[in-house]
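What follows is a short report on a single structure.
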Amino acid sequence: MAQKEGGTEQGFLKAGESLGAKAMVGAPTAGGGVVVEVREKKGSLRAAIPTMPFPLAVICLFLNTFIPGLGTFISAFTVLCGARCELISERGVCCVFWLNVAAALIQVLTAVIMVGWIMSIFWGMDMVILAISDVSLRTCEERHRSDVDDTDSFRSAGPFVMTCKLREAGDLLRRAIQSE
């Protein structure tokens with residue numbers, strides 16, 4: 001049921017298959033199936049990157065750019081201060097902290113051959129991307145709470161609310177398919 005291409009996993013719904021835990025509805029494919037989900041697979045180190053406030057993520061990116069591993073090392077301590085992360089529910093706060101420290105050490109030790117420096121910059125960019133996606137998700141949730149439904153407000157709200165509304169529509173469609 002899964003087709004892997006370049007670090008992504010694509011699932012296709014075929015006749016007679018149930019949606020199971022994966023349920024994000026997409027467009028029909030050329031083969032007649034429906035794309036159920038496209039999700040990027042992350043390794044343990046990458047999944048341990050904490051979601052920080054945007055200004056702190058930018059500072060960590062800046063530090064990682066000029067002193068490889070320093071921003072990653074600082075981000076490890078944000079896990080202890082309550083920053084969220086995909087891996088905390090599975091492995092716990094201490095393990096995620098040490099995974100981030102290990103990533104920082106890998107970046108420092110391999111910076112001599114440029115690999116660590118490049119990895120450090122990408123790590124910082126991932127921190128900023130996570131911070132931006134967290135801000136957009138919060139914006140979406142706030143908009144959803146205020147129940148803005150008129151079309152003029154919807155158009156002026158921007159892409160974050162549109163994404164939220166599309167997710168809601170996808171959830172409704174998924175529930176309808178599962179109830180059949």
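Every chain in the structure tokens takes a letter, A first, then B, and so on in the order presented; its residues are numbered from 1, and the ligands are numbered from 1 following the presented order.
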
Please report as a Markdown table every residue of range 81-118 of chain A lying within 12 Å of range 124-132 of chain A, along with the nearest atom pair and their distance in Å (one decimal), using only C-alpha atoms.
| residue | atom | partner | partner_atom | distance |
| --- | --- | --- | --- | --- |
| A:Ala83 | CA | A:Ala131 | CA | 10.6 |
| A:Arg84 | CA | A:Leu130 | CA | 10.3 |
| A:Cys85 | CA | A:Leu130 | CA | 9.6 |
| A:Glu86 | CA | A:Leu130 | CA | 10.8 |
| A:Asn100 | CA | A:Met127 | CA | 12.0 |
| A:Ala103 | CA | A:Gly124 | CA | 11.8 |
| A:Ala104 | CA | A:Gly124 | CA | 11.1 |
| A:Gln107 | CA | A:Gly124 | CA | 11.5 |
| A:Trp117 | CA | A:Gly124 | CA | 10.7 |
| A:Ile118 | CA | A:Gly124 | CA | 10.0 |

Practice task
Taking the DSSP assignment computed from this structure's backbone, write out as a ChimeraX atom specification all residues of range 21-110 of chain A that belong to strand (DSSP E or B).
Solution key: /A:28,34-40,51,84

Practice task
Determine, counting only C-alpha atoms, which protein, DNA and RNA residues have an atom within 10 Å of an atom of range 41-52 of chain A; residues of the same chain fewer than 2 positions away are not included. Present the result as a ChimeraX atom specification.
Solution key: /A:4,6-9,38-39,54-58,60,72,75-79,82-88,91,93,95-103,123-124,126-135

Prev. selection, C-alpha atoms, output as a compact mmCIF listing (two decimals), in the first residue's frame:
# COMPACT_ATOMS: atom_id res chain seq x y z
CA LYS A 4 8.38 5.39 -1.49
CA GLY A 6 12.85 10.36 -2.47
CA GLY A 7 12.10 10.37 1.25
CA THR A 8 8.32 10.59 0.92
CA GLU A 9 5.76 7.91 1.41
CA VAL A 38 1.83 11.94 1.51
CA ARG A 39 4.10 12.17 4.53
CA PHE A 54 10.27 32.00 15.68
CA PRO A 55 12.85 34.53 17.02
CA LEU A 56 14.74 31.79 18.86
CA ALA A 57 14.69 29.55 15.77
CA VAL A 58 16.18 32.40 13.70
CA CYS A 60 19.71 29.20 16.26
CA THR A 72 21.56 22.88 17.68
CA SER A 75 17.93 24.05 20.85
CA ALA A 76 18.56 20.91 22.93
CA PHE A 77 18.00 22.98 26.07
CA THR A 78 14.69 24.31 24.72
CA VAL A 79 13.41 20.74 24.92
CA GLY A 82 9.09 22.76 27.29
CA ALA A 83 9.55 23.06 23.52
CA ARG A 84 7.43 20.55 21.64
CA CYS A 85 8.84 17.85 19.42
CA GLU A 86 7.47 14.88 17.44
CA LEU A 87 9.59 12.39 19.37
CA ILE A 88 8.81 13.41 22.97
CA ARG A 91 10.96 8.57 23.72
CA VAL A 93 12.20 14.56 27.11
CA CYS A 95 16.13 11.11 25.22
CA VAL A 96 15.14 13.93 22.87
CA PHE A 97 17.52 16.26 24.71
CA TRP A 98 20.42 13.82 24.26
CA LEU A 99 19.53 13.24 20.61
CA ASN A 100 19.82 16.99 20.01
CA VAL A 101 23.15 17.11 21.88
CA ALA A 102 24.34 14.19 19.73
CA ALA A 103 23.27 16.03 16.57
CA TRP A 123 19.24 21.94 10.85
CA GLY A 124 18.78 25.65 11.50
CA ASP A 126 14.42 23.09 9.71
CA MET A 127 14.09 24.87 13.07
CA VAL A 128 12.82 28.00 11.31
CA ILE A 129 10.44 25.98 9.12
CA LEU A 130 9.02 24.23 12.19
CA ALA A 131 8.59 27.60 13.94
CA ILE A 132 6.79 29.06 10.90
CA SER A 133 4.50 26.03 10.57
CA ASP A 134 3.70 26.26 14.30
CA VAL A 135 2.77 29.93 13.93

Problem - Close residues, Leu109 in chain A itself excluded, 12 Å, only C-alpha atoms, min 6 positions apart in chain, as a PyMOL selection string - result: chain A and resi 67-70+102-103+115-117+119-120

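Atom pair CA of Thr65 in chain A / CA of Ala111 in chain A has a distance of 11.0 Å (rounded to one decimal).
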